[in-house]
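Shown here: run.txt, compact mmCIF, C-alpha atoms.
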```txt
# COMPACT_ATOMS: atom_id res chain seq x y z
CA MET A 1 0.00 0.00 0.00
CA ALA A 2 1.34 3.42 -0.93
CA THR A 3 1.52 5.90 1.92
CA VAL A 4 1.51 9.67 2.00
CA ALA A 5 4.21 11.86 3.53
CA GLY A 6 6.18 8.79 4.54
CA HIS A 7 3.59 7.73 7.17
CA ASP A 8 1.22 4.77 7.29
CA LEU A 9 -2.34 5.91 8.04
CA ALA A 10 -3.50 2.37 8.81
CA GLY A 11 -5.20 2.26 12.19
CA ARG A 12 -5.85 6.02 12.29
CA ARG A 13 -9.36 7.47 12.33
CA VAL A 14 -10.67 10.70 10.82
CA LEU A 15 -14.04 12.27 11.58
CA LEU A 16 -15.06 14.06 8.38
CA VAL A 17 -17.56 16.91 8.64
CA VAL A 18 -19.15 17.64 5.25
CA SER A 19 -20.77 21.06 5.17
CA GLY A 20 -22.82 22.75 2.45
CA GLY A 21 -21.33 23.82 -0.86
CA ILE A 22 -20.89 22.50 -4.37
CA ALA A 23 -17.37 21.36 -3.43
CA ALA A 24 -18.94 18.74 -1.11
CA TYR A 25 -18.66 16.20 -3.93
CA LYS A 26 -14.88 16.26 -3.51
CA ALA A 27 -15.31 14.87 0.00
CA LEU A 28 -16.13 11.57 -1.69
CA GLU A 29 -12.74 11.53 -3.39
CA LEU A 30 -11.03 12.43 -0.11
CA ILE A 31 -12.73 9.47 1.59
CA ARG A 32 -11.51 7.18 -1.18
CA LEU A 33 -7.95 8.43 -0.75
CA LEU A 34 -8.06 8.10 3.05
CA THR A 35 -9.50 4.61 3.08
CA GLY A 36 -7.01 3.64 0.40
CA GLN A 37 -4.29 4.55 2.92
CA GLY A 38 -5.88 2.31 5.54
CA CYS A 39 -7.49 5.17 7.47
CA ALA A 40 -10.96 4.68 8.99
CA VAL A 41 -13.42 7.49 8.26
CA SER A 42 -16.65 8.46 10.01
CA CYS A 43 -18.83 11.18 8.54
CA VAL A 44 -21.02 13.95 9.90
CA LEU A 45 -23.24 15.46 7.21
CA THR A 46 -24.77 18.89 7.80
CA ALA A 47 -28.19 19.85 6.45
CA GLY A 48 -26.46 22.03 3.86
CA GLY A 49 -24.04 19.27 2.90
CA ALA A 50 -26.97 16.91 2.35
CA GLN A 51 -28.14 19.18 -0.47
CA PHE A 52 -25.05 18.17 -2.46
CA VAL A 53 -24.10 14.62 -1.38
CA THR A 54 -26.23 11.87 0.12
CA PRO A 55 -25.74 9.90 3.32
CA LEU A 56 -25.86 6.73 1.24
CA SER A 57 -22.85 7.84 -0.83
CA LEU A 58 -20.80 8.58 2.28
CA GLN A 59 -21.84 5.34 3.97
CA ALA A 60 -21.01 3.28 0.89
CA LEU A 61 -17.47 4.69 0.77
CA THR A 62 -16.73 4.61 4.51
CA GLY A 63 -18.61 1.45 5.46
CA GLU A 64 -19.89 3.29 8.54
CA ALA A 65 -23.12 4.99 9.55
CA VAL A 66 -23.41 8.66 8.68
CA HIS A 67 -24.34 11.04 11.49
CA GLY A 68 -26.53 14.10 11.05
CA ALA A 69 -29.05 14.56 13.83
CA LEU A 70 -28.08 16.28 17.06
CA PHE A 71 -31.10 15.06 19.00
CA SER A 72 -30.97 11.35 18.21
CA LEU A 73 -32.59 9.28 20.98
CA THR A 74 -30.35 6.32 20.18
CA GLU A 75 -27.05 8.16 19.95
CA GLU A 76 -27.65 10.84 22.55
CA SER A 77 -28.58 8.24 25.18
CA GLU A 78 -24.82 7.64 25.16
CA MET A 79 -23.89 11.31 24.64
CA GLY A 80 -23.17 10.61 20.99
CA HIS A 81 -21.91 14.08 20.14
CA ILE A 82 -19.29 13.82 22.89
CA ALA A 83 -18.25 10.33 21.83
CA LEU A 84 -17.94 11.39 18.19
CA SER A 85 -15.92 14.47 19.10
CA ARG A 86 -13.32 12.36 20.87
CA SER A 87 -13.34 9.14 18.89
CA ALA A 88 -11.08 10.31 16.07
CA ASP A 89 -7.41 11.18 15.77
CA LEU A 90 -8.34 14.22 13.66
CA ILE A 91 -11.52 16.10 12.75
CA VAL A 92 -11.56 17.37 9.17
CA VAL A 93 -14.13 19.86 7.90
CA CYS A 94 -14.31 19.48 4.12
CA PRO A 95 -15.60 21.57 2.59
CA ALA A 96 -15.62 24.27 5.26
CA SER A 97 -18.21 26.81 4.18
CA ALA A 98 -18.18 30.45 5.25
CA ASN A 99 -21.14 29.61 7.47
CA ILE A 100 -19.50 26.80 9.42
CA LEU A 101 -16.29 28.81 9.82
CA ALA A 102 -18.34 31.70 11.26
CA THR A 103 -20.17 29.27 13.53
CA MET A 104 -16.87 27.85 14.80
CA ALA A 105 -15.45 31.33 15.38
CA ALA A 106 -18.56 32.40 17.34
CA GLY A 107 -18.59 29.21 19.40
CA LEU A 108 -22.17 28.32 18.44
CA SER A 109 -23.66 24.82 18.60
CA HIS A 110 -26.93 24.67 16.72
CA ASP A 111 -26.50 21.29 15.00
CA LEU A 112 -24.49 18.08 15.39
CA ALA A 113 -21.43 19.31 13.44
CA SER A 114 -21.09 22.59 15.34
CA THR A 115 -21.69 20.85 18.68
CA ILE A 116 -18.96 18.32 17.95
CA LEU A 117 -16.54 21.08 16.96
CA LEU A 118 -17.30 22.97 20.17
CA ALA A 119 -17.08 19.90 22.42
CA THR A 120 -13.85 18.43 21.08
CA ASP A 121 -10.25 18.57 22.24
CA THR A 122 -9.18 16.64 19.11
CA PRO A 123 -7.11 18.56 16.52
CA VAL A 124 -9.22 20.12 13.76
CA LEU A 125 -8.30 20.72 10.11
CA VAL A 126 -10.53 22.87 7.91
CA ALA A 127 -10.52 23.03 4.11
CA PRO A 128 -12.36 26.26 3.19
CA ALA A 129 -14.41 26.54 0.00
CA MET A 130 -16.58 29.47 -0.97
CA ASN A 131 -17.09 32.27 -3.47
CA VAL A 132 -14.11 34.58 -3.81
CA ARG A 133 -16.11 37.58 -2.48
CA MET A 134 -17.13 35.60 0.59
CA TRP A 135 -13.51 34.53 1.17
CA GLU A 136 -12.28 38.14 0.87
CA HIS A 137 -15.01 39.59 3.09
CA ALA A 138 -13.72 41.24 6.25
CA ALA A 139 -15.92 39.01 8.43
CA THR A 140 -14.47 35.84 6.92
CA ARG A 141 -10.93 37.15 7.19
CA ALA A 142 -11.52 37.95 10.88
CA ASN A 143 -13.02 34.51 11.48
CA ILE A 144 -10.05 32.81 9.82
CA ALA A 145 -7.57 34.82 11.89
CA LEU A 146 -9.44 33.93 15.08
CA LEU A 147 -9.59 30.22 14.25
CA ARG A 148 -5.89 30.13 13.40
CA ALA A 149 -5.10 31.83 16.72
CA ARG A 150 -7.09 29.10 18.47
CA GLY A 151 -4.98 26.40 16.84
CA ILE A 152 -7.29 25.32 14.03
CA HIS A 153 -5.27 23.94 11.12
CA MET A 154 -6.08 24.94 7.54
CA VAL A 155 -5.41 23.68 4.03
CA GLY A 156 -6.29 25.91 1.08
CA PRO A 157 -8.24 27.48 -0.36
CA GLU A 158 -6.74 27.54 -3.83
CA GLU A 159 -7.06 29.99 -6.69
CA GLY A 160 -9.07 29.05 -9.74
CA VAL A 161 -12.38 29.03 -11.58
CA MET A 162 -15.35 28.26 -9.34
CA ALA A 163 -18.78 26.78 -9.93
CA CYS A 164 -20.19 30.32 -9.98
CA ASN A 165 -17.88 31.08 -12.93
CA GLU A 166 -15.88 33.60 -10.93
CA TYR A 167 -12.11 33.35 -10.58
CA GLY A 168 -10.01 33.83 -7.48
CA LEU A 169 -9.20 32.43 -4.05
CA GLY A 170 -11.91 30.29 -2.51
CA ARG A 171 -11.71 27.05 -4.46
CA LEU A 172 -11.40 23.92 -2.31
CA ALA A 173 -7.89 22.47 -2.16
CA GLU A 174 -7.60 19.32 -4.24
CA PRO A 175 -8.15 16.05 -2.32
CA PRO A 176 -4.48 14.92 -2.66
CA ALA A 177 -3.36 18.18 -1.02
CA ILE A 178 -5.88 17.69 1.80
CA LEU A 179 -4.70 14.10 2.19
CA ALA A 180 -1.09 15.28 2.50
CA ALA A 181 -2.10 17.81 5.17
CA ILE A 182 -3.94 15.08 7.09
CA ALA A 183 -0.93 12.77 6.90
CA ALA A 184 1.37 15.50 8.17
CA LEU A 185 -0.91 16.23 11.14
CA LEU A 186 -1.18 12.52 11.99
CA ALA A 187 2.57 11.94 11.82
CA PRO A 188 3.93 10.64 15.13
CA PRO A 189 5.60 13.35 17.27
CA GLY A 190 9.23 13.81 16.39
CA THR A 191 8.85 12.03 13.06
CA HIS A 192 11.49 13.20 10.62
CA LEU A 193 10.25 13.64 7.07
CA PRO A 194 12.74 11.84 4.82
CA LEU A 195 13.24 14.78 2.45
CA ALA A 196 13.34 17.56 5.04
CA GLY A 197 16.11 19.99 4.15
CA ARG A 198 16.23 18.84 0.53
CA HIS A 199 15.59 20.96 -2.54
CA ALA A 200 13.74 19.28 -5.41
CA LEU A 201 13.51 20.78 -8.90
CA ILE A 202 10.56 19.55 -10.98
CA THR A 203 9.55 20.44 -14.53
CA ALA A 204 6.04 19.78 -15.79
CA GLY A 205 3.70 20.41 -18.69
CA PRO A 206 4.37 21.27 -22.33
CA THR A 207 6.29 24.13 -23.87
CA HIS A 208 4.78 26.50 -26.42
CA GLU A 209 7.10 27.63 -29.19
CA PRO A 210 5.63 30.67 -30.98
CA ILE A 211 5.16 30.83 -34.73
CA ASP A 212 3.51 34.25 -34.73
CA PRO A 213 1.56 36.24 -32.09
CA VAL A 214 -1.36 33.77 -32.14
CA ARG A 215 0.09 30.40 -33.19
CA TYR A 216 2.59 28.08 -31.57
CA ILE A 217 4.05 24.56 -31.66
CA ALA A 218 2.97 22.49 -28.66
CA ASN A 219 2.13 18.98 -27.49
CA GLN A 220 -0.63 17.25 -25.52
CA SER A 221 1.08 17.08 -22.13
CA SER A 222 -1.34 17.95 -19.31
CA GLY A 223 1.32 18.41 -16.62
CA LYS A 224 -0.64 16.16 -14.22
CA GLN A 225 2.19 13.71 -13.58
CA GLY A 226 4.78 16.43 -12.94
CA TYR A 227 2.45 18.29 -10.58
CA ALA A 228 1.68 15.07 -8.71
CA ILE A 229 5.41 14.36 -8.31
CA ALA A 230 6.01 17.89 -7.02
CA SER A 231 3.23 17.45 -4.43
CA ALA A 232 4.50 14.02 -3.38
CA LEU A 233 8.04 15.31 -2.83
CA ALA A 234 6.72 18.28 -0.84
CA ALA A 235 4.69 15.86 1.31
CA LEU A 236 7.95 14.11 2.20
CA GLY A 237 9.38 17.40 3.43
CA ALA A 238 11.25 18.66 0.37
CA ARG A 239 11.34 22.31 -0.62
CA VAL A 240 10.06 22.14 -4.18
CA THR A 241 10.61 24.43 -7.14
CA LEU A 242 8.11 23.57 -9.87
CA VAL A 243 9.01 24.96 -13.30
CA SER A 244 5.80 24.66 -15.27
CA GLY A 245 4.87 25.14 -18.88
CA PRO A 246 1.35 26.38 -19.76
CA VAL A 247 -1.18 24.09 -18.01
CA ALA A 248 -4.65 24.45 -16.49
CA LEU A 249 -3.65 23.07 -13.08
CA LEU A 250 -3.67 24.57 -9.61
CA VAL A 251 -0.44 24.57 -7.65
CA PRO A 252 -0.45 23.51 -3.99
CA ARG A 253 0.66 26.37 -1.78
CA ALA A 254 3.55 24.37 -0.38
CA LEU A 255 5.32 24.64 -3.75
CA HIS A 256 7.13 27.49 -5.45
CA ARG A 257 5.97 27.55 -9.06
CA VAL A 258 7.81 29.33 -11.85
CA THR A 259 5.63 29.62 -14.95
CA VAL A 260 7.36 29.57 -18.33
CA ARG A 261 6.30 29.25 -21.94
CA THR A 262 9.23 28.18 -24.12
CA ALA A 263 12.07 25.68 -23.80
CA ASP A 264 14.60 28.50 -23.49
CA GLU A 265 12.61 29.99 -20.62
CA MET A 266 12.33 26.59 -18.94
CA LEU A 267 16.08 26.02 -19.14
CA ALA A 268 16.77 29.48 -17.68
CA ALA A 269 14.34 28.85 -14.82
CA CYS A 270 15.91 25.47 -14.07
CA ARG A 271 19.41 26.93 -13.97
CA ALA A 272 18.22 29.76 -11.72
CA ALA A 273 16.75 27.20 -9.29
CA LEU A 274 20.03 25.31 -8.81
CA PRO A 275 21.52 23.92 -6.66
CA ALA A 276 19.11 21.06 -6.03
CA ASP A 277 19.44 17.63 -4.46
CA VAL A 278 17.16 16.03 -7.06
CA ALA A 279 15.78 17.10 -10.43
CA VAL A 280 12.79 15.32 -11.94
CA LEU A 281 12.33 16.55 -15.50
CA ALA A 282 8.81 15.47 -16.31
CA ALA A 283 8.00 18.29 -18.75
CA ALA A 284 7.35 17.46 -22.39
CA VAL A 285 9.79 19.99 -23.80
CA GLY A 286 9.34 20.78 -27.50
CA ASP A 287 12.19 19.42 -29.61
CA TRP A 288 12.10 22.28 -32.10
CA ARG A 289 11.30 25.96 -32.32
CA VAL A 290 10.64 28.20 -35.30
CA GLU A 291 13.78 29.82 -36.65
CA THR A 292 12.12 33.17 -37.29
CA VAL A 293 9.01 34.12 -35.33
CA SER A 294 6.72 36.37 -37.35
CA PRO A 295 6.01 39.68 -35.55
CA SER A 296 2.51 39.75 -37.06
CA LYS A 297 -0.10 37.10 -37.72
CA LEU A 298 0.64 34.98 -40.78
CA LYS A 299 -2.21 35.34 -43.25
CA LYS A 300 -3.88 32.60 -45.25
CA ARG A 301 -4.51 34.10 -48.69
CA PRO A 302 -6.81 32.56 -51.31
CA GLY A 303 -4.63 30.48 -53.59
CA GLY A 304 -1.53 31.38 -51.59
CA ALA A 305 1.12 28.85 -50.59
CA ALA A 306 1.53 27.71 -47.01
CA PRO A 307 4.37 29.47 -45.20
CA SER A 308 7.68 27.68 -44.94
CA LEU A 309 8.78 27.32 -41.33
CA GLY A 310 12.44 26.76 -40.70
CA LEU A 311 13.03 24.83 -37.46
CA LEU A 312 15.86 24.90 -34.96
CA ALA A 313 16.60 22.39 -32.21
CA ASN A 314 15.62 23.47 -28.72
CA PRO A 315 18.10 23.13 -25.84
CA ASP A 316 18.22 19.64 -24.34
CA ILE A 317 17.38 20.50 -20.73
CA LEU A 318 17.73 16.94 -19.42
CA ALA A 319 21.17 16.48 -20.99
CA LEU A 320 22.38 19.89 -19.83
CA LEU A 321 21.32 19.34 -16.22
CA SER A 322 22.83 15.83 -16.28
CA ARG A 323 26.32 17.08 -17.20
CA PRO A 324 28.94 16.56 -14.48
CA GLY A 325 29.75 19.69 -12.54
CA PRO A 326 29.35 21.38 -9.17
CA LEU A 327 25.68 22.26 -9.78
CA ARG A 328 24.61 18.85 -11.06
CA PRO A 329 21.85 17.51 -8.79
CA HIS A 330 22.79 14.35 -6.90
CA LEU A 331 19.94 12.54 -8.68
CA VAL A 332 18.61 13.46 -12.14
CA VAL A 333 15.43 11.73 -13.30
CA GLY A 334 14.16 11.98 -16.86
CA PHE A 335 10.98 10.91 -18.64
CA ALA A 336 10.71 9.11 -21.95
CA ALA A 337 7.25 9.32 -23.51
CA GLU A 338 7.34 6.79 -26.34
CA THR A 339 4.86 5.27 -28.79
CA GLN A 340 6.80 2.14 -29.73
CA GLU A 341 9.70 0.04 -28.39
CA VAL A 342 9.19 1.91 -25.14
CA VAL A 343 11.86 0.27 -22.97
CA ALA A 344 14.50 0.07 -25.71
CA GLU A 345 14.02 3.72 -26.67
CA ALA A 346 14.13 4.79 -23.03
CA ARG A 347 17.31 2.82 -22.34
CA ALA A 348 19.03 4.51 -25.27
CA LYS A 349 17.73 7.92 -24.22
CA ARG A 350 19.09 7.47 -20.68
CA GLN A 351 22.55 6.73 -22.07
CA ARG A 352 22.45 9.73 -24.42
CA LYS A 353 21.26 12.18 -21.79
CA GLY A 354 23.48 11.00 -18.96
CA CYS A 355 20.71 11.03 -16.34
CA ASP A 356 20.55 8.61 -13.43
CA TRP A 357 17.02 7.28 -13.84
CA MET A 358 14.60 7.26 -16.73
CA LEU A 359 10.85 6.75 -16.37
CA ALA A 360 9.40 5.40 -19.59
CA ASN A 361 5.73 5.34 -20.49
CA ASP A 362 3.69 4.41 -23.54
CA VAL A 363 1.83 7.47 -24.83
CA SER A 364 0.47 5.88 -27.99
CA ALA A 365 -3.20 6.51 -28.75
CA ALA A 366 -4.01 2.94 -27.72
CA SER A 367 -2.62 3.48 -24.20
CA GLY A 368 -4.99 6.38 -23.42
CA ILE A 369 -2.40 7.77 -20.99
CA MET A 370 -1.55 11.12 -22.57
CA GLY A 371 -3.53 13.75 -20.69
CA GLY A 372 -5.29 11.15 -18.52
CA ASP A 373 -5.25 10.49 -14.78
CA GLU A 374 -3.32 7.21 -14.82
CA ASN A 375 0.14 6.12 -15.88
CA GLU A 376 2.07 2.90 -16.44
CA ILE A 377 5.79 3.22 -15.81
CA HIS A 378 9.03 1.40 -16.57
CA LEU A 379 11.75 2.66 -14.20
CA ILE A 380 15.18 2.28 -15.80
CA THR A 381 18.26 2.52 -13.59
CA ASP A 382 21.75 1.01 -13.41
CA ASP A 383 20.11 -2.00 -11.78
CA GLY A 384 17.84 -2.73 -14.75
CA VAL A 385 14.17 -2.19 -15.59
CA GLU A 386 11.37 -2.18 -13.01
CA HIS A 387 7.80 -2.30 -14.28
CA TRP A 388 5.12 -0.43 -12.33
CA PRO A 389 1.53 -1.44 -13.11
CA ARG A 390 -1.03 1.07 -14.31
CA LEU A 391 -1.74 3.37 -11.36
CA PRO A 392 -3.31 6.77 -10.68
CA LYS A 393 -0.72 9.46 -11.32
CA LEU A 394 -0.79 10.41 -7.65
CA ALA A 395 0.16 6.83 -6.70
CA VAL A 396 2.96 6.85 -9.28
CA ALA A 397 4.22 10.12 -7.81
CA GLN A 398 4.14 8.79 -4.24
CA ARG A 399 6.01 5.66 -5.28
CA LEU A 400 8.66 7.69 -7.08
CA ALA A 401 9.02 10.10 -4.14
CA GLN A 402 9.67 7.21 -1.77
CA ARG A 403 12.31 5.81 -4.15
CA ILE A 404 13.98 9.20 -4.38
CA ALA A 405 14.03 9.55 -0.60
CA SER A 406 15.70 6.13 -0.31
CA ALA A 407 18.27 6.92 -3.02
CA LEU A 408 19.56 10.26 -1.72
CA PRO A 409 22.45 10.40 0.78
CA GLN A 410 21.55 10.42 4.47
CA SER A 411 22.18 14.15 4.78
CA PRO A 412 21.86 17.00 2.27
CA THR A 413 25.05 17.69 0.35
CA LEU A 414 24.03 21.13 -0.85
CA GLU A 415 23.85 24.46 0.87
CA PRO A 416 20.28 25.71 1.30
CA HIS A 417 19.03 27.69 -1.67
CA PRO A 418 18.31 31.31 -0.71
```
File written out as structure tokens:
Amino acid sequence: MATVAGHDLAGRRVLLVVSGGIAAYKALELIRLLTGQGCAVSCVLTAGGAQFVTPLSLQALTGEAVHGALFSLTEESEMGHIALSRSADLIVVCPASANILATMAAGLSHDLASTILLATDTPVLVAPAMNVRMWEHAATRANIALLRARGIHMVGPEEGVMACNEYGLGRLAEPPAILAAIAALLAPPGTHLPLAGRHALITAGPTHEPIDPVRYIANQSSGKQGYAIASALAALGARVTLVSGPVALLVPRALHRVTVRTADEMLAACRAALPADVAVLAAAVGDWRVETVSPSKLKKRPGGAAPSLGLLANPDILALLSRPGPLRPHLVVGFAAETQEVVAEARAKRQRKGCDWMLANDVSAASGIMGGDENEIHLITDDGVEHWPRLPKLAVAQRLAQRIASALPQSPTLEPHP
């Protein structure tokens, strides 16, 4: 079983409070991730939350009864709200609406969820989700400050497009980020994260090489695998620099993202981020760029010939970062996205580039992997080829992060990056 943040969640218990909001559906994915780590989950569903997800859905995923009524004759004969408030290792409110945050800040107890949160001495983690105007409102900001001062933990919110079609802060953190926060809070006291003090450099996504002001050469990389690897390394304690091409993905706040467009920009950003203990170059960097970029839009004229585009080779970022020298990362990991003879092509690529490990995957149309949420990996090292079965990209990232943590020297060899 893969674990998050280097800790096994088996035997731990989370009490999940699902409050009202369209983001409540993501609580189902969080339950799946938690139970997949061996964590038991009990659910409290508020009246507002029940407008978006059903008790049956939560019960089916957790295998446990869902609680909702404060005045239950059966449960309250045994002081059920007290027992629930103290039965878990951690209480997680996901999503945490503006209303439930205000209720917590005011110390009110008008339903089962708010009574549990008032009666507990168990650590509490909230994952806010609301409209950007609600998040920015002075009342919400004051409530958040008060809850933080009282020791309430928080993950998110993130920036992005919301269900109301507005853009900004207020979007629920993605379930893998919430899972990582839970794992960190449930880590045994004094636990040392295996990548604490390390600096990891990750590249992700495609590059866009301009042809003219409106056209460019690109590829179908979604960036999902690179972003998952960056999150997994951060969960193990690494300080992560994520150099990202143009993608429609949110970045967890624990990461430092540098957004670039072209291969030249990506190389410059990578060099600026050095030194690093490990570099994982998961980006699908374009092999070529246009020799002369047109300053104005190329026009298609009736009967006219198609423009002739001279191409130049882009810098080979993987090979350049793999060269011996004082700034070479201790471990350099490359990716080989192939459509045929996957392992053979990846073996040859590893030798040409000079990297330590190569992760090969089949991105042919038949595989359905390109842009999807799963991956099937062949890890090529000096020891040979290791096949990883088809897994969610998050699971691939966690597995790779654990391997990286095991492969690095016991103590960092680089001075901290300023």
Legend entry - Atomic distance CA of Pro324 in chain A - CA of Val342 in chain A, expressed in Å with one decimal: 26.8 Å
Legend entry - Residue nearest Gly334 in chain A among A:Ser97, A:Asn375, A:Asn361, A:Ser244 (counting all atoms listed in the file):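 Answer, going by the shortest atom-to-atom distance: A:Asn361.
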Return as CSV the residues of range 118-227 of chain A lying at most 8 Å from range 19-26 of chain A, together with the closest atom-to-atom pair for each and the distance in Å to one decimal, counting only C-alpha atoms, with rows in chain order and ascending residue number.
```
residue,atom,partner,partner_atom,distance
A:Ala129,CA,A:Ala23,CA,6.9
A:Met130,CA,A:Gly21,CA,7.4
A:Ala163,CA,A:Ile22,CA,7.3
A:Leu172,CA,A:Ala23,CA,6.6
A:Glu174,CA,A:Lys26,CA,7.9
A:Pro175,CA,A:Lys26,CA,6.8
```
Legend entry - Between CA of Met358 in chain A and CA of Leu320 in chain A - distance in Å to one decimal: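 A separation of 15.2 Å between them.
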Legend entry - Best match for closeness to Pro194 in chain A among A:Val53, A:Leu169, A:Ala88, A:Ala232, counting all atoms listed in the file: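 Looking only at the distances to Pro194 in chain A, the closest residue turns out to be A:Ala232.
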Inset, instruction - Can you pull out every residue within 9 Å of Ala98 in chain A, counting all atoms listed in the file, but drop anything in the same chain fewer than 3 positions away, and send it as a list in words? - result: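 Using all atoms listed in the file, the neighbours found are Leu101, Ala102, Thr103, Pro128, Ala129, Met130, Asn131, Met134, Trp135 and Thr140 of chain A.
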Inset, instruction - May I ask which of the residues A:Leu298, A:Ile182, A:Tyr216, A:Val280 is the closest one to Ala204 in chain A, counting all atoms listed in the file? - result: A:Val280
Inset, instruction - Quick one: pull the distance between CA of Arg390 in chain A and CA of Leu242 in chain A, Å, one decimal. - result: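 Calculated distance between CA of Arg390 in chain A and CA of Leu242 in chain A is 24.7 Å.
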Inset, instruction - Check the smallest atom-to-atom distance from each of A:Leu16, A:Leu309, A:Leu318, A:Ala173 to Leu249 in chain A using all atoms listed in the file, then report the winner. - result: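 When distances to Leu249 in chain A are compared using all atoms listed in the file, the smallest one comes from A:Ala173.
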Inset, instruction - Write out as a list in words each polymer residue whose atoms come within 6 Å of range 261-269 of chain A, counting all atoms listed in the file; drop sequence neighbours fewer than 2 positions from it. - result: Thr207, His208, Glu209, Gly245, Arg271, Ala272 and Ile317 of chain A
Legend entry - Distance criterion (all atoms listed in the file): nearest to Ala230 in chain A out of A:Leu311, A:Leu201, A:Asp121, A:Ala305: A:Leu201
